[in-house]
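For reference, protein30.txt (compact mmCIF, C-alpha atoms and all ligand atoms):
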# COMPACT_ATOMS: atom_id res chain seq x y z
CA MET A 13 -12.29 9.30 -5.04
CA GLU A 14 -9.93 11.98 -3.83
CA ALA A 15 -9.99 11.41 -0.12
CA VAL A 16 -6.82 12.94 1.32
CA LYS A 17 -4.71 15.61 -0.33
CA CYS A 18 -1.37 16.78 0.93
CA LEU A 19 -1.50 20.53 0.69
CA SER A 20 1.53 22.11 2.18
CA GLY A 21 5.07 21.51 3.42
CA GLY A 22 6.87 18.30 4.46
CA ALA A 23 6.58 14.82 2.95
CA SER A 24 3.28 14.08 1.28
CA LEU A 25 0.84 11.58 2.74
CA GLU A 26 0.30 9.28 -0.18
CA ALA A 27 -2.36 7.07 1.32
CA ASN A 28 -5.99 8.10 1.12
CA ALA A 29 -8.45 8.26 4.00
CA GLU A 30 -9.83 4.81 3.28
CA SER A 31 -6.31 3.31 3.48
CA VAL A 32 -5.84 5.05 6.81
CA LEU A 33 -9.13 3.61 8.07
CA ARG A 34 -8.18 0.12 6.92
CA ALA A 35 -4.69 0.34 8.39
CA ILE A 36 -5.72 1.44 11.87
CA THR A 37 -8.96 -0.50 12.40
CA PRO A 38 -8.14 -3.54 14.55
CA SER A 39 -9.30 -7.00 13.57
CA LEU A 40 -11.97 -8.67 15.67
CA ASP A 41 -9.63 -11.22 17.14
CA PRO A 42 -11.26 -13.71 19.56
CA THR A 43 -8.21 -13.53 21.83
CA ARG A 44 -8.76 -9.84 22.56
CA HIS A 45 -10.45 -8.93 25.82
CA LYS A 46 -13.04 -6.30 26.68
CA GLY A 47 -11.41 -2.91 26.68
CA GLN A 48 -8.68 -3.57 24.13
CA ALA A 49 -10.70 -1.97 21.34
CA GLY A 50 -10.93 1.26 23.30
CA LYS A 51 -12.21 2.90 26.45
CA ILE A 52 -13.40 6.41 25.79
CA ALA A 53 -14.68 9.06 28.18
CA VAL A 54 -16.70 12.12 27.22
CA VAL A 55 -16.65 15.06 29.63
CA GLY A 56 -19.81 17.01 28.83
CA GLY A 57 -23.51 17.24 29.55
CA CYS A 58 -25.14 19.99 31.61
CA ARG A 59 -28.53 21.59 32.21
CA GLU A 60 -28.93 22.74 28.59
CA TYR A 61 -27.25 19.98 26.62
CA THR A 62 -27.68 16.22 26.85
CA GLY A 63 -27.66 15.36 23.14
CA ALA A 64 -24.07 16.34 22.37
CA PRO A 65 -22.31 14.09 24.94
CA TYR A 66 -24.66 11.26 24.02
CA PHE A 67 -23.85 11.61 20.30
CA ALA A 68 -20.10 11.59 20.98
CA ALA A 69 -20.20 8.66 23.41
CA ILE A 70 -22.59 6.43 21.44
CA SER A 71 -20.66 7.08 18.21
CA ALA A 72 -17.53 5.73 19.90
CA LEU A 73 -19.37 2.50 20.72
CA LYS A 74 -21.00 2.17 17.30
CA ILE A 75 -17.59 2.39 15.64
CA GLY A 76 -16.19 -0.37 17.80
CA ALA A 77 -14.93 0.95 21.14
CA ASP A 78 -15.63 -1.47 24.00
CA LEU A 79 -16.57 1.01 26.71
CA SER A 80 -17.84 4.55 26.60
CA HIS A 81 -18.21 6.75 29.69
CA VAL A 82 -19.83 10.15 30.17
CA PHE A 83 -18.90 12.57 33.00
CA CYS A 84 -21.67 15.14 33.36
CA THR A 85 -23.92 16.96 35.84
CA GLU A 86 -26.47 15.05 37.89
CA GLY A 87 -29.48 16.39 35.97
CA ALA A 88 -27.95 15.51 32.61
CA ALA A 89 -26.95 12.03 33.79
CA THR A 90 -30.50 10.73 34.23
CA VAL A 91 -31.42 11.91 30.77
CA ILE A 92 -28.31 10.49 29.09
CA LYS A 93 -28.79 7.13 30.84
CA SER A 94 -32.33 7.01 29.54
CA TYR A 95 -31.10 7.46 25.96
CA SER A 96 -28.91 4.39 26.21
CA PRO A 97 -28.14 1.63 28.69
CA GLU A 98 -24.83 1.04 26.89
CA LEU A 99 -23.19 4.17 28.29
CA ILE A 100 -21.55 4.37 31.70
CA VAL A 101 -22.63 7.69 33.13
CA HIS A 102 -20.99 9.49 36.07
CA PRO A 103 -23.08 12.34 37.54
CA ILE A 104 -20.12 14.15 39.13
CA LEU A 105 -19.97 17.67 37.64
CA GLU A 106 -21.58 20.67 39.35
CA GLU A 107 -22.83 23.98 37.95
CA SER A 108 -22.84 27.25 39.94
CA TYR A 109 -26.64 27.45 40.18
CA ASN A 110 -26.66 24.19 42.10
CA ILE A 111 -24.14 25.35 44.73
CA SER A 112 -25.16 29.00 44.99
CA GLY A 113 -25.36 28.95 48.81
CA VAL A 114 -21.92 27.34 49.24
CA ASN A 115 -18.95 29.43 50.45
CA ASP A 116 -15.46 29.40 48.86
CA GLU A 117 -14.12 26.67 51.14
CA GLY A 118 -17.17 24.52 50.41
CA LYS A 119 -16.62 25.05 46.69
CA ARG A 120 -12.98 23.97 47.02
CA ASP A 121 -14.15 20.78 48.76
CA ILE A 122 -16.67 20.08 45.99
CA SER A 123 -13.98 20.64 43.38
CA LYS A 124 -11.59 18.25 45.17
CA LYS A 125 -14.32 15.61 45.39
CA ILE A 126 -15.05 15.92 41.66
CA LEU A 127 -11.38 15.48 40.85
CA SER A 128 -10.97 12.48 43.12
CA GLU A 129 -14.07 10.83 41.58
CA PHE A 130 -12.58 11.37 38.13
CA ASP A 131 -9.14 10.14 39.24
CA LYS A 132 -10.59 6.75 40.15
CA TRP A 133 -11.27 6.17 36.48
CA MET A 134 -8.82 8.20 34.49
CA GLU A 135 -5.94 5.75 34.11
CA ARG A 136 -8.33 3.35 32.41
CA PHE A 137 -9.16 5.65 29.50
CA ASP A 138 -7.51 5.54 26.09
CA CYS A 139 -8.83 8.97 25.22
CA LEU A 140 -10.95 11.79 26.66
CA VAL A 141 -13.34 13.95 24.67
CA VAL A 142 -13.76 17.24 26.50
CA GLY A 143 -16.52 19.66 25.59
CA PRO A 144 -19.60 18.29 23.79
CA GLY A 145 -22.52 19.89 25.61
CA LEU A 146 -20.29 21.01 28.48
CA GLY A 147 -21.83 24.47 28.80
CA ARG A 148 -19.92 27.51 29.99
CA ASP A 149 -20.54 27.67 33.71
CA PRO A 150 -17.39 29.12 35.35
CA PHE A 151 -17.29 26.70 38.30
CA LEU A 152 -17.84 23.68 36.08
CA LEU A 153 -15.15 24.85 33.63
CA GLU A 154 -12.67 25.38 36.47
CA CYS A 155 -13.18 21.75 37.55
CA VAL A 156 -12.82 20.57 33.95
CA SER A 157 -9.52 22.48 33.67
CA LYS A 158 -8.25 20.41 36.59
CA ILE A 159 -9.50 17.22 34.97
CA MET A 160 -7.62 18.12 31.78
CA THR A 161 -4.44 18.89 33.69
CA ARG A 162 -4.66 15.52 35.43
CA ALA A 163 -5.25 13.71 32.12
CA ARG A 164 -2.26 15.48 30.62
CA GLN A 165 -0.04 14.46 33.54
CA SER A 166 -1.06 10.86 32.84
CA ASN A 167 -0.49 11.14 29.07
CA VAL A 168 -4.11 10.43 28.23
CA PRO A 169 -4.97 11.92 24.79
CA ILE A 170 -7.63 14.64 24.82
CA VAL A 171 -9.97 15.61 21.97
CA VAL A 172 -11.27 19.11 22.68
CA ASP A 173 -14.54 20.16 21.05
CA GLY A 174 -17.54 22.48 21.56
CA ASP A 175 -17.45 24.31 24.90
CA GLY A 176 -14.12 22.62 25.66
CA LEU A 177 -12.74 24.87 22.91
CA PHE A 178 -14.29 27.89 24.64
CA LEU A 179 -12.37 26.87 27.78
CA VAL A 180 -9.11 26.16 25.95
CA THR A 181 -9.24 29.31 23.85
CA ASN A 182 -9.31 31.32 27.07
CA SER A 183 -6.70 29.11 28.81
CA ILE A 184 -4.48 27.91 25.99
CA GLU A 185 -1.84 26.64 28.47
CA LEU A 186 -4.17 23.69 29.16
CA VAL A 187 -3.16 22.14 25.83
CA SER A 188 -0.12 24.15 24.75
CA GLY A 189 2.76 21.81 23.89
CA TYR A 190 0.67 18.69 24.54
CA ARG A 191 1.18 16.51 21.47
CA LEU A 192 -1.68 14.21 22.49
CA ALA A 193 -4.24 17.01 22.26
CA VAL A 194 -6.60 17.37 19.29
CA LEU A 195 -8.72 20.47 18.76
CA THR A 196 -11.77 20.12 16.48
CA PRO A 197 -13.05 23.68 15.89
CA ASN A 198 -16.01 24.56 13.68
CA VAL A 199 -15.97 27.83 11.74
CA ILE A 200 -16.76 30.04 14.73
CA GLU A 201 -14.55 28.15 17.18
CA TYR A 202 -11.65 28.36 14.71
CA LYS A 203 -12.15 32.10 14.32
CA ARG A 204 -11.98 32.58 18.11
CA LEU A 205 -8.82 30.44 18.32
CA VAL A 206 -7.06 32.36 15.55
CA GLN A 207 -7.98 35.69 17.11
CA LYS A 208 -6.76 34.65 20.53
CA VAL A 209 -3.62 32.72 19.57
CA LEU A 210 -2.42 34.48 16.40
CA GLY A 211 -3.93 37.85 17.30
CA CYS A 212 -5.50 38.42 13.88
CA ASP A 213 -8.62 37.60 11.87
CA VAL A 214 -8.96 34.42 9.81
CA ASN A 215 -7.23 34.81 6.45
CA ASP A 216 -8.99 32.79 3.75
CA GLN A 217 -6.17 33.58 1.30
CA ASN A 218 -3.65 31.64 3.44
CA THR A 219 -5.71 28.78 4.83
CA HIS A 220 -2.91 26.24 5.05
CA GLY A 221 -0.18 28.57 6.27
CA GLU A 222 -2.50 29.88 8.93
CA LEU A 223 -3.43 26.40 10.18
CA LEU A 224 0.25 25.41 10.30
CA SER A 225 1.10 28.56 12.27
CA LEU A 226 -1.80 28.02 14.65
CA SER A 227 -0.78 24.45 15.40
CA LYS A 228 2.91 25.42 15.81
CA GLN A 229 2.01 28.34 18.04
CA ILE A 230 0.11 25.97 20.37
CA GLY A 231 3.16 23.69 20.47
CA GLY A 232 2.23 21.09 17.86
CA VAL A 233 -1.27 20.15 18.97
CA THR A 234 -3.30 18.59 16.18
CA ILE A 235 -6.08 20.78 14.80
CA LEU A 236 -8.98 19.56 12.70
CA ARG A 237 -10.62 22.62 11.15
CA LYS A 238 -14.15 21.60 10.17
CA GLY A 239 -15.77 22.97 7.06
CA LYS A 240 -16.57 22.18 3.43
CA SER A 241 -13.29 20.25 3.50
CA ASP A 242 -11.86 19.22 6.86
CA LEU A 243 -8.29 20.49 7.21
CA ILE A 244 -5.93 18.69 9.57
CA SER A 245 -2.49 19.74 10.80
CA ASP A 246 -0.07 19.01 13.60
CA GLY A 247 2.20 21.85 12.54
CA GLU A 248 4.21 19.67 10.12
CA LYS A 249 1.91 19.71 7.11
CA VAL A 250 -1.73 20.21 6.25
CA GLN A 251 -3.96 17.44 4.95
CA SER A 252 -7.56 17.59 3.92
CA VAL A 253 -10.49 15.20 3.85
CA SER A 254 -13.04 16.24 1.29
CA ILE A 255 -15.10 13.10 0.74
CA TYR A 256 -18.62 14.18 -0.16
CA GLY A 257 -20.81 14.09 2.96
CA SER A 258 -24.24 15.59 3.26
CA PRO A 259 -25.74 18.99 2.50
CA ARG A 260 -27.67 18.85 5.78
CA ARG A 261 -26.01 20.91 8.52
CA CYS A 262 -28.08 19.66 11.46
CA GLY A 263 -26.51 20.11 14.90
CA GLY A 264 -24.60 17.19 16.38
CA GLN A 265 -22.43 16.09 13.45
CA GLY A 266 -19.39 17.62 15.12
CA ASP A 267 -20.18 15.56 18.22
CA ILE A 268 -20.13 12.34 16.18
CA LEU A 269 -16.79 13.49 14.81
CA SER A 270 -15.21 14.10 18.22
CA GLY A 271 -16.27 10.65 19.51
CA SER A 272 -15.01 9.04 16.32
CA VAL A 273 -11.65 10.81 16.38
CA ALA A 274 -11.16 9.61 19.97
CA VAL A 275 -11.62 5.97 18.94
CA PHE A 276 -9.50 6.16 15.81
CA LEU A 277 -6.63 7.96 17.46
CA SER A 278 -6.61 5.31 20.20
CA TRP A 279 -6.47 2.61 17.54
CA ALA A 280 -3.78 4.48 15.62
CA ARG A 281 -1.65 4.73 18.75
CA GLN A 282 -2.01 0.99 19.38
CA CYS A 283 -1.22 -0.03 15.84
CA ASN A 284 1.78 2.29 15.65
CA LEU A 285 3.25 0.40 18.57
CA ALA A 286 2.37 -2.98 17.11
CA ALA A 287 3.04 -3.32 13.39
CA GLU A 288 4.52 -1.29 10.57
CA ARG A 289 1.96 -2.25 7.99
CA GLU A 290 2.02 0.76 5.69
CA SER A 291 5.11 2.89 5.98
CA THR A 292 3.67 6.31 5.10
CA ILE A 293 0.79 5.76 7.47
CA SER A 294 2.95 4.43 10.26
CA ARG A 295 5.18 7.52 10.01
CA THR A 296 2.18 9.81 10.44
CA ASN A 297 1.27 11.22 13.84
CA PRO A 298 -1.50 8.96 15.31
CA THR A 299 -3.54 12.01 16.27
CA VAL A 300 -3.53 13.09 12.62
CA LEU A 301 -4.51 9.56 11.51
CA GLY A 302 -7.37 9.64 14.03
CA CYS A 303 -8.63 12.91 12.56
CA ILE A 304 -8.40 11.68 8.98
CA ALA A 305 -10.27 8.46 9.82
CA GLY A 306 -12.93 10.20 11.93
CA SER A 307 -13.61 12.82 9.31
CA ALA A 308 -13.82 10.30 6.47
CA LEU A 309 -16.16 7.97 8.35
CA LEU A 310 -18.51 10.74 9.49
CA ARG A 311 -18.74 12.10 5.96
CA LYS A 312 -19.40 8.66 4.48
CA ALA A 313 -22.09 7.93 7.08
CA ALA A 314 -23.67 11.36 6.49
CA ALA A 315 -23.81 10.68 2.75
CA LEU A 316 -25.51 7.31 3.32
CA ALA A 317 -28.00 8.74 5.80
CA PHE A 318 -28.83 11.57 3.39
CA GLU A 319 -29.47 9.05 0.60
CA HIS A 320 -32.25 7.59 2.75
CA LYS A 321 -33.61 10.55 4.68
CA LYS A 322 -32.90 13.54 2.46
CA ARG A 323 -34.06 16.79 4.10
CA SER A 324 -35.15 15.04 7.30
CA THR A 325 -31.66 13.59 7.94
CA LEU A 326 -30.74 14.00 11.62
CA THR A 327 -27.66 13.21 13.66
CA THR A 328 -29.24 10.00 14.98
CA ASP A 329 -29.70 8.82 11.36
CA ILE A 330 -26.01 9.42 10.67
CA ILE A 331 -25.04 7.49 13.80
CA GLU A 332 -27.10 4.56 12.53
CA HIS A 333 -24.93 4.49 9.38
CA LEU A 334 -21.52 4.55 11.10
CA GLY A 335 -21.24 0.76 11.29
CA GLN A 336 -22.28 0.17 7.69
CA SER A 337 -19.86 2.86 6.50
CA LEU A 338 -16.92 1.37 8.38
CA GLU A 339 -17.85 -2.13 7.19
CA ALA A 340 -17.79 -0.92 3.57
CA ILE A 341 -14.21 0.30 4.01
CA SER A 342 -12.77 -2.19 6.48
CA PRO A 343 -14.94 -5.33 6.46
CA VAL A 344 -14.90 -7.75 9.37
CA SER A 345 -13.02 -10.75 7.99
N1 LIG A 401 -28.21 18.30 20.82
C1 LIG A 401 -27.25 18.87 21.53
O1 LIG A 401 -27.17 18.76 22.75
C2 LIG A 401 -26.21 19.68 20.81
C3 LIG A 401 -25.38 20.46 21.59
N2 LIG A 401 -24.35 21.13 21.05
C4 LIG A 401 -23.47 21.81 22.00
O2 LIG A 401 -23.82 23.16 22.05
C5 LIG A 401 -22.75 23.89 22.61
C6 LIG A 401 -22.52 25.14 21.81
O3 LIG A 401 -22.04 24.78 20.50
P1 LIG A 401 -22.26 25.70 19.22
O4 LIG A 401 -21.61 25.05 18.07
O5 LIG A 401 -23.70 26.05 19.07
O6 LIG A 401 -21.37 26.96 19.59
P2 LIG A 401 -21.74 28.49 19.79
O7 LIG A 401 -22.67 28.62 20.94
O8 LIG A 401 -20.45 29.19 19.85
O9 LIG A 401 -22.55 28.88 18.49
C7 LIG A 401 -21.98 28.95 17.28
C8 LIG A 401 -22.92 29.76 16.42
O10 LIG A 401 -22.31 29.91 15.18
C9 LIG A 401 -23.23 29.68 14.16
N3 LIG A 401 -22.49 29.08 13.03
C10 LIG A 401 -22.16 27.78 12.88
N4 LIG A 401 -21.49 27.60 11.74
C11 LIG A 401 -21.39 28.84 11.16
C12 LIG A 401 -20.81 29.30 9.97
N5 LIG A 401 -20.23 28.46 9.10
N6 LIG A 401 -20.86 30.62 9.72
C13 LIG A 401 -21.47 31.46 10.55
N7 LIG A 401 -22.06 31.07 11.70
C14 LIG A 401 -22.02 29.77 12.00
C15 LIG A 401 -24.26 28.73 14.70
O11 LIG A 401 -25.51 28.93 14.09
C16 LIG A 401 -24.27 29.10 16.19
O12 LIG A 401 -25.29 30.03 16.44
C17 LIG A 401 -21.56 22.95 22.64
O13 LIG A 401 -21.38 22.40 23.91
C18 LIG A 401 -22.00 21.86 21.70
O14 LIG A 401 -21.33 20.65 21.96
C19 LIG A 401 -24.01 21.06 19.64
O15 LIG A 401 -23.02 20.08 19.53
C20 LIG A 401 -25.23 20.70 18.78
C21 LIG A 401 -26.05 19.58 19.34
N1 LIG A 402 -20.11 23.19 4.37
C1 LIG A 402 -19.88 21.91 4.62
N2 LIG A 402 -19.88 20.99 3.64
C2 LIG A 402 -19.65 19.70 3.90
N3 LIG A 402 -19.39 19.22 5.13
C3 LIG A 402 -19.36 20.08 6.15
C4 LIG A 402 -19.60 21.47 5.96
N4 LIG A 402 -19.52 22.08 7.16
C5 LIG A 402 -19.24 21.12 8.06
N5 LIG A 402 -19.15 19.92 7.45
C6 LIG A 402 -18.84 18.64 8.08
O1 LIG A 402 -19.71 18.34 9.14
C7 LIG A 402 -18.98 17.86 10.27
C8 LIG A 402 -19.35 18.68 11.47
O2 LIG A 402 -18.94 20.01 11.25
P1 LIG A 402 -19.72 21.24 11.85
O3 LIG A 402 -19.04 22.47 11.36
O4 LIG A 402 -21.17 21.06 11.65
O5 LIG A 402 -19.35 21.00 13.40
P2 LIG A 402 -20.05 21.60 14.68
O6 LIG A 402 -20.60 22.96 14.41
O7 LIG A 402 -19.07 21.48 15.78
O8 LIG A 402 -21.23 20.56 14.93
P3 LIG A 402 -22.12 20.35 16.25
O9 LIG A 402 -23.49 20.78 15.87
O10 LIG A 402 -22.03 18.90 16.54
O11 LIG A 402 -21.51 21.18 17.33
C9 LIG A 402 -17.48 17.97 9.93
O12 LIG A 402 -16.93 16.70 9.62
C10 LIG A 402 -17.46 18.81 8.70
O13 LIG A 402 -16.52 18.39 7.77
MG MG A 403 -19.59 21.51 17.84
As structure tokens - that is how I would like this structure written.
Amino acid sequence: MEAVKCLSGGASLEANAESVLRAITPSLDPTRHKGQAGKIAVVGGCREYTGAPYFAAISALKIGADLSHVFCTEGAATVIKSYSPELIVHPILEESYNISGVNDEGKRDISKKILSEFDKWMERFDCLVVGPGLGRDPFLLECVSKIMTRARQSNVPIVVDGDGLFLVTNSIELVSGYRLAVLTPNVIEYKRLVQKVLGCDVNDQNTHGELLSLSKQIGGVTILRKGKSDLISDGEKVQSVSIYGSPRRCGGQGDILSGSVAVFLSWARQCNLAAERESTISRTNPTVLGCIAGSALLRKAAALAFEHKKRSTLTTDIIEHLGQSLEAISPVS
């Protein structure tokens, strides 16, 4: 199976996606305590969307993270909690419609309170996922900008997806030059990023060069461009994951991916510090390893779910196959 291909520039990544998954997945060592396998936080969930943050957060747990938090609006929180008792849900975000009678000073106070609530937790997180089901309310996005700035100051990695990409595309300085940021655009989100950052339309004749330029232009952030093949670059080279997934394009698969990338990049960062098990892999940027592993696992799980459910395959079916897919590649010893 051709899992990872090196496509352009720099040294080639010889290992395939399954080797990456095996190398970065930690063993289930009885001496490890709760939290060591990852503490992830998803910032997302508003009046319209409750599925997306749930998919991202539960996927992180199903892969093997120990704790998964969601920071969302109050209305979304009750719904997300009812999907799963496993998630730790913080109803701290506010949308404009909910504070329509509040003056500017009152809004500043609310914003400060949101930030201080978030601050209580932030240092504990190995990675944030910003954007699944976040919505586009201006007040909410302003608060999330501050949350991202705070996370960046504390060197917490940030995976930006969905409406988080809407925010970042319009305020690129939030991630520019931050090597611990990962952007996971779909076709439309990528198009908006290219237009804004490179000032031109997407050029399908120069896919790899364009992705390299985009990443370099944003100061070496890692970009996972989703599509028929997932293309990944941190500005050094471009790699692809093209494992066969599923022909179903139901909504929510990108949310599984963002939660998965968060876990794998946290593991990759830990194992880089610990052991040099496979030299090519250990020389690769952990954010890139996280993207390769997340993409490969999602695609494998989607393929398995499709085998069973065919046309009725949904995101929840794919989530149910994450564990089995990881076990097939990196079995618990
Ligand atoms: N159950 C849920 O709560 C879900 C919520 N979601 C959230 O919904 C929000 C908006 O995300 P969207 O992805 O819909 O973003 P947009 O609102 O920007 O919509 C993108 C549009 O592009 C279209 N599109 C997608 N792929 C295309 C392609 N290859 N060529 C042409 N058109 C294409 C889609 O049909 C969609 O109408 C985000 O916050 C996201 O996280 C989604 O993740 C899906 C699931
Ligand atoms: N045409 C395709 N063929 C095979 N796999 C695809 C195709 N398009 C997307 N995928 C895979 O599906 C996953 C999700 O990508 P997609 O483009 O659906 O994200 P998204 O639009 O952000 O999803 P979401 O509905 O969660 O917001 C990615 O891993 C991607 O590789
Ligand atoms: Mg999406």
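Taking all atoms listed in the file into account, ligand LIG 402 (chain A) has within 7 Å the residues A:Ala64, A:Gly174, A:Pro197, A:Asn198, A:Val199, A:Lys238, A:Gly239, A:Lys240, A:Ser241, A:Asp242, A:Tyr256, A:Gly257, A:Ser258, A:Pro259, A:Arg261, A:Cys262, A:Gly263, A:Gly264, A:Gln265, A:Gly266, A:Asp267, A:Ile268, A:Leu269, A:Ser307, A:Leu310, A:Arg311.
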> List as a list in words: which residues have an atom within 7 Å of (-16.1, 14.2, 36.0), counting only C-alpha atoms?
Replying inline: Val55, Phe83, Cys84, His102, Ile104, Leu105, Ile126, Leu127, Glu129 and Phe130 of chain A
> Any idea what's packed within 12 Å of Tyr202 (chain A), counting only C-alpha atoms, ignoring anything in its chain fewer than 2 positions away? Could you give it as a ChimeraX atom specification?
Replying inline: /A:173-174,177-178,180-181,195-200,204-210,212-215,219,222-223,226-227,235-239,243
How big is the axis-aligned box, and where does its centre sit, when it encloses all atoms of ligand LIG 401 (chain A) listed in the file and has 6 Å added on every side, reported in Å to one decimal as AutoDock Vina command-line options?
--center_x -24.2 --center_y 24.9 --center_z 16.5 --size_x 20.0 --size_y 25.2 --size_z 26.8
>> With all atoms listed in the file as the counted atoms, please give the residues lying no more than 10 Å from Lys158 (chain A), apart from itself and same-chain residues fewer than 5 positions off, as a list in words.
In response: Ser123, Lys124, Ile126, Leu127, Leu153, Ala163, Arg164 and Leu186 of chain A
